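Just below is one structure, and these are the notes that go with it.
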Amino acid sequence: MLVSLVLLLLGALAAVVTPRLMARAEWPEREPVVALWVWQCVVAGVLLSFGLSMTFSAAAAWQAVRGQVFAPAPHAVVESYALAAYGPWSAVMAVLLALGGIWSAAMLTREIRRAQVRRRRRRAELLVRSPLMPGERPGAGRLVVLEGERPDAWWLPGAAPQLVITTAALGRLKGRQLDAVLAHEQGHAQARHDWLLHCSAALANGFPQVPVFAAFRDEMHRLVELAADDVASRRFGRLTIALALVELNEDRGVFGPCPTPDAELPLRVNRLLSPVERLTAGRRLRLTAAAALVPVVPLLVAFVPGLSALG
């Protein structure tokens with residue numbers, strides 16, 4: 001049962017240690033895209049560790065599963081894992097991990113369905129507030145202007161994504177600020193940030209007691225906004241997108257002394273107005289490569305005994 005236990009402990013260790021390490025690090029705000037990659041690799045490594053642990057536990061507990069997993073393998077490879085010595089706990093572990101996998105899939109399905117319902121509802125509301133003209137096809141225009149007293153702009157994802165902006169926002173945004181807002185929202189759409197948010201929400205809602213999944217959800221919400229801010233700032237300048245954020249949100253009280261649900265906005269504006277130098281290309285490359293190795297570690301743990309037997 002050694003391989004299954006090592007994989008299980010490896011996933012648990014990553015789930016506990018990673019949020020603490022990332023919370024202490026200062027570089028994610030400087031390189032949000034790299035930080036997004038690191039979080040995805042860590043979560044993939046955790047899920048892979050648990051999945052492989054379930055596979056080996058099931059192979060040890062049931063001959064039918066063992067025959068499927070090790071069907072093409074020589075006898076020496078099967079013997080190297082000492083599956084017969086795993087004991088009765090292997091079945092319990094396999095069942096618990098399988099239930100966790102099923103629950104994760106159910107949570108992800110629920111999150112996607114809820115997002116689809118919200119999207120259909122918002123599109124229906126959009127058609128009510130901005131009805132189609134004669135001969136106009138639904139979703140034909142990527143930009144929709146709504147009559148509204150509250151300055152707002154948001155990206156509506158889907159098969160025909162659209163940027164929605166209110167007339168109050170058009171009245172407030174000056175010069176290239178509107179172009180910067182468009183670039184920000186297009187940055188979300190091109191990177192498919194909505195899928196990252198769905199997956200992180202599904203894991204956090206399904207396993208609220210697992211630190212890495214809760215931190216993954218919170219950091220995804222923060223980092224995708226920083227990444228989109230950087231997309232807009234590279235095209236139109238940091239001051240332009242910072243002023244656009246202030247114009248869109250100053251009436252919501254987010255820049256006051258009392259905390260609000262949008263408390264990250266002042267931090268985003270300060271980050272844009274007080275830029276910190278980016279990491280060097282070499283360090284970005286090292287972080288990216290190190291993160292890519294995280295899912296490789298459980299694979300090495302799983303295959304080293306078999307490869308050693310072949311050697």
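By order in the structure tokens, chains are A, B, ...; within a chain, residues start at 1; ligands start at 1, following the order shown.
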Distance query Ala227 (chain A) at most 8 Å, only C-alpha atoms, self and fewer than 3 positions along chain excluded, as an mmCIF file with N, CA, C and O atoms, in the first residue's frame:
data_model
loop_
_atom_site.group_PDB
_atom_site.id
_atom_site.type_symbol
_atom_site.label_atom_id
_atom_site.label_comp_id
_atom_site.auth_asym_id
_atom_site.auth_seq_id
_atom_site.Cartn_x
_atom_site.Cartn_y
_atom_site.Cartn_z
ATOM 1 N N PRO A 32 0.547 38.084 -12.697
ATOM 2 C CA PRO A 32 -0.696 37.331 -12.463
ATOM 3 C C PRO A 32 -0.893 36.161 -13.416
ATOM 4 O O PRO A 32 -1.471 35.140 -13.032
ATOM 5 N N VAL A 33 -0.412 36.271 -14.649
ATOM 6 C CA VAL A 33 -0.581 35.168 -15.600
ATOM 7 C C VAL A 33 0.239 33.958 -15.150
ATOM 8 O O VAL A 33 -0.238 32.816 -15.198
ATOM 9 N N GLY A 187 -9.800 40.727 -22.746
ATOM 10 C CA GLY A 187 -8.769 39.904 -22.127
ATOM 11 C C GLY A 187 -9.369 38.744 -21.353
ATOM 12 O O GLY A 187 -8.853 37.614 -21.394
ATOM 13 N N LEU A 223 -6.804 37.167 -9.470
ATOM 14 C CA LEU A 223 -5.758 37.154 -10.493
ATOM 15 C C LEU A 223 -6.296 37.372 -11.895
ATOM 16 O O LEU A 223 -5.612 37.973 -12.735
ATOM 17 N N VAL A 224 -7.506 36.881 -12.200
ATOM 18 C CA VAL A 224 -8.028 37.106 -13.553
ATOM 19 C C VAL A 224 -8.264 38.594 -13.797
ATOM 20 O O VAL A 224 -8.082 39.080 -14.928
ATOM 21 N N ASP A 230 -3.719 44.077 -16.875
ATOM 22 C CA ASP A 230 -2.428 44.161 -17.566
ATOM 23 C C ASP A 230 -2.600 44.143 -19.081
ATOM 24 O O ASP A 230 -1.868 44.817 -19.802
ATOM 25 N N VAL A 231 -3.575 43.360 -19.566
ATOM 26 C CA VAL A 231 -3.848 43.344 -21.009
ATOM 27 C C VAL A 231 -4.227 44.735 -21.483
ATOM 28 O O VAL A 231 -3.727 45.230 -22.513
#
Check which residues of region 31-126 of chain A sit at most 12 Å from region 288-309 of chain A using only C-alpha atoms, and return one row each with the closest pair of atoms and their distance in Å to one decimal, ordered by chain and rising number, as JSON lines.
{"residue": "A:Glu31", "atom": "CA", "partner": "A:Thr288", "partner_atom": "CA", "distance": 10.9}
{"residue": "A:Pro32", "atom": "CA", "partner": "A:Thr288", "partner_atom": "CA", "distance": 11.9}
{"residue": "A:Val33", "atom": "CA", "partner": "A:Thr288", "partner_atom": "CA", "distance": 9.9}
{"residue": "A:Val34", "atom": "CA", "partner": "A:Thr288", "partner_atom": "CA", "distance": 6.5}
{"residue": "A:Ala35", "atom": "CA", "partner": "A:Thr288", "partner_atom": "CA", "distance": 8.8}
{"residue": "A:Leu36", "atom": "CA", "partner": "A:Thr288", "partner_atom": "CA", "distance": 10.1}
{"residue": "A:Trp37", "atom": "CA", "partner": "A:Thr288", "partner_atom": "CA", "distance": 7.2}
{"residue": "A:Val38", "atom": "CA", "partner": "A:Ala291", "partner_atom": "CA", "distance": 5.1}
{"residue": "A:Trp39", "atom": "CA", "partner": "A:Ala291", "partner_atom": "CA", "distance": 8.2}
{"residue": "A:Gln40", "atom": "CA", "partner": "A:Ala291", "partner_atom": "CA", "distance": 8.7}
{"residue": "A:Cys41", "atom": "CA", "partner": "A:Ala291", "partner_atom": "CA", "distance": 5.8}
{"residue": "A:Val42", "atom": "CA", "partner": "A:Val294", "partner_atom": "CA", "distance": 6.1}
{"residue": "A:Val43", "atom": "CA", "partner": "A:Pro295", "partner_atom": "CA", "distance": 8.6}
{"residue": "A:Ala44", "atom": "CA", "partner": "A:Pro295", "partner_atom": "CA", "distance": 6.2}
{"residue": "A:Gly45", "atom": "CA", "partner": "A:Pro295", "partner_atom": "CA", "distance": 4.0}
{"residue": "A:Val46", "atom": "CA", "partner": "A:Pro295", "partner_atom": "CA", "distance": 7.7}
{"residue": "A:Leu47", "atom": "CA", "partner": "A:Pro295", "partner_atom": "CA", "distance": 8.9}
{"residue": "A:Leu48", "atom": "CA", "partner": "A:Pro295", "partner_atom": "CA", "distance": 6.9}
{"residue": "A:Ser49", "atom": "CA", "partner": "A:Pro298", "partner_atom": "CA", "distance": 5.5}
{"residue": "A:Phe50", "atom": "CA", "partner": "A:Pro298", "partner_atom": "CA", "distance": 9.1}
{"residue": "A:Gly51", "atom": "CA", "partner": "A:Pro298", "partner_atom": "CA", "distance": 9.8}
{"residue": "A:Leu52", "atom": "CA", "partner": "A:Ala302", "partner_atom": "CA", "distance": 7.2}
{"residue": "A:Ser53", "atom": "CA", "partner": "A:Ala302", "partner_atom": "CA", "distance": 8.5}
{"residue": "A:Met54", "atom": "CA", "partner": "A:Ala302", "partner_atom": "CA", "distance": 11.5}
{"residue": "A:Thr55", "atom": "CA", "partner": "A:Ala302", "partner_atom": "CA", "distance": 10.0}
{"residue": "A:Phe56", "atom": "CA", "partner": "A:Ala302", "partner_atom": "CA", "distance": 8.6}
{"residue": "A:Ser57", "atom": "CA", "partner": "A:Ala302", "partner_atom": "CA", "distance": 11.9}
{"residue": "A:Phe70", "atom": "CA", "partner": "A:Gly306", "partner_atom": "CA", "distance": 10.2}
{"residue": "A:Ala73", "atom": "CA", "partner": "A:Gly306", "partner_atom": "CA", "distance": 8.7}
{"residue": "A:Pro74", "atom": "CA", "partner": "A:Ala309", "partner_atom": "CA", "distance": 9.3}
{"residue": "A:His75", "atom": "CA", "partner": "A:Ala309", "partner_atom": "CA", "distance": 9.6}
{"residue": "A:Ala76", "atom": "CA", "partner": "A:Ala309", "partner_atom": "CA", "distance": 6.1}
{"residue": "A:Val77", "atom": "CA", "partner": "A:Gly306", "partner_atom": "CA", "distance": 4.8}
{"residue": "A:Val78", "atom": "CA", "partner": "A:Gly306", "partner_atom": "CA", "distance": 7.4}
{"residue": "A:Glu79", "atom": "CA", "partner": "A:Ala309", "partner_atom": "CA", "distance": 8.6}
{"residue": "A:Ser80", "atom": "CA", "partner": "A:Pro305", "partner_atom": "CA", "distance": 5.9}
{"residue": "A:Tyr81", "atom": "CA", "partner": "A:Pro305", "partner_atom": "CA", "distance": 6.5}
{"residue": "A:Ala82", "atom": "CA", "partner": "A:Pro305", "partner_atom": "CA", "distance": 9.9}
{"residue": "A:Leu83", "atom": "CA", "partner": "A:Pro305", "partner_atom": "CA", "distance": 11.9}
Shell around region 214-222 of chain A at 8 Å using only C-alpha atoms, local window under 3 positions removed, as a list in words = Pro19, Leu36, Trp39, Val43, Leu196, Leu197, Ser200, Ala201, Leu203, Ala204, Pro208, Gln209, Val210, Pro211, Glu225, Leu226 and Glu264 of chain A
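Picture a line from CA of Leu163 (chain A) to CA of Leu143 (chain A); it runs 4.8 Å.
Residues surrounding region 89-92 of chain A within 9 Å are Met1, Ser4, Met54, Phe56, Ser57, Ala58, Ala59, Ala60, Ala61, Trp62, Tyr86, Gly87, Ala94, Val95, Leu96 and Leu97 of chain A [only C-alpha atoms; sequence separation below 2 positions excluded].
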ask   = Which is closest to Trp103 (chain A) among A:Thr280, A:Asn205, A:Asn270, A:Gln186, if we use only C-alpha atoms?
value = A:Asn205
ask   = Of the candidates A:Ala242, A:Ala281, A:Leu156, A:Ile165, which shows the shortest atom-to-atom distance to Ala115 (chain A), using only C-alpha atoms?
value =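 The answer is A:Leu156, which sits nearest to Ala115 (chain A).
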inquiry  = So the first atom is CA of Leu108 (chain A) and the second is CA of Phe213 (chain A); what is the distance between them in Å, to one decimal place?
reply    =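 Between CA of Leu108 (chain A) and CA of Phe213 (chain A) the gap is 12.9 Å.
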Write out as a PDB file with N, CA and C atoms, in the first residue's frame the set of residues from region 73-189 of chain A that DSSP, computed on the backbone, places in strand (DSSP E).
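The resulting states-v1.pdb:
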ATOM      1  N   LEU A 143     -21.019  44.498 -29.336  1.00  0.00           N
ATOM      2  CA  LEU A 143     -21.164  45.583 -28.375  1.00  0.00           C
ATOM      3  C   LEU A 143     -22.635  45.958 -28.269  1.00  0.00           C
ATOM      4  N   VAL A 144     -23.147  45.977 -27.025  1.00  0.00           N
ATOM      5  CA  VAL A 144     -24.537  46.340 -26.769  1.00  0.00           C
ATOM      6  C   VAL A 144     -24.544  47.510 -25.799  1.00  0.00           C
ATOM      7  N   VAL A 145     -25.254  48.562 -26.163  1.00  0.00           N
ATOM      8  CA  VAL A 145     -25.366  49.746 -25.314  1.00  0.00           C
ATOM      9  C   VAL A 145     -26.751  49.758 -24.684  1.00  0.00           C
ATOM     10  N   LEU A 146     -26.781  49.851 -23.348  1.00  0.00           N
ATOM     11  CA  LEU A 146     -28.032  49.872 -22.610  1.00  0.00           C
ATOM     12  C   LEU A 146     -28.266  51.250 -22.006  1.00  0.00           C
ATOM     13  N   ALA A 153     -20.105  48.104 -17.066  1.00  0.00           N
ATOM     14  CA  ALA A 153     -19.701  47.399 -18.282  1.00  0.00           C
ATOM     15  C   ALA A 153     -19.345  45.977 -17.890  1.00  0.00           C
ATOM     16  N   TRP A 154     -19.780  45.023 -18.678  1.00  0.00           N
ATOM     17  CA  TRP A 154     -19.450  43.628 -18.386  1.00  0.00           C
ATOM     18  C   TRP A 154     -19.454  42.814 -19.671  1.00  0.00           C
ATOM     19  N   TRP A 155     -18.727  41.716 -19.608  1.00  0.00           N
ATOM     20  CA  TRP A 155     -18.633  40.805 -20.740  1.00  0.00           C
ATOM     21  C   TRP A 155     -19.599  39.660 -20.521  1.00  0.00           C
ATOM     22  N   LEU A 156     -20.425  39.377 -21.526  1.00  0.00           N
ATOM     23  CA  LEU A 156     -21.388  38.287 -21.450  1.00  0.00           C
ATOM     24  C   LEU A 156     -20.860  37.138 -22.294  1.00  0.00           C
ATOM     25  N   GLN A 162     -20.686  38.971 -25.968  1.00  0.00           N
ATOM     26  CA  GLN A 162     -21.001  40.380 -26.182  1.00  0.00           C
ATOM     27  C   GLN A 162     -20.500  41.208 -25.017  1.00  0.00           C
ATOM     28  N   LEU A 163     -20.086  42.421 -25.321  1.00  0.00           N
ATOM     29  CA  LEU A 163     -19.734  43.392 -24.294  1.00  0.00           C
ATOM     30  C   LEU A 163     -20.929  44.324 -24.100  1.00  0.00           C
ATOM     31  N   VAL A 164     -21.387  44.423 -22.870  1.00  0.00           N
ATOM     32  CA  VAL A 164     -22.536  45.267 -22.541  1.00  0.00           C
ATOM     33  C   VAL A 164     -22.031  46.484 -21.775  1.00  0.00           C
ATOM     34  N   ILE A 165     -22.469  47.657 -22.187  1.00  0.00           N
ATOM     35  CA  ILE A 165     -22.056  48.888 -21.523  1.00  0.00           C
ATOM     36  C   ILE A 165     -23.251  49.821 -21.435  1.00  0.00           C
ATOM     37  N   THR A 166     -23.358  50.548 -20.341  1.00  0.00           N
ATOM     38  CA  THR A 166     -24.507  51.439 -20.151  1.00  0.00           C
ATOM     39  C   THR A 166     -24.190  52.829 -20.689  1.00  0.00           C
TER      40      THR A 166
END
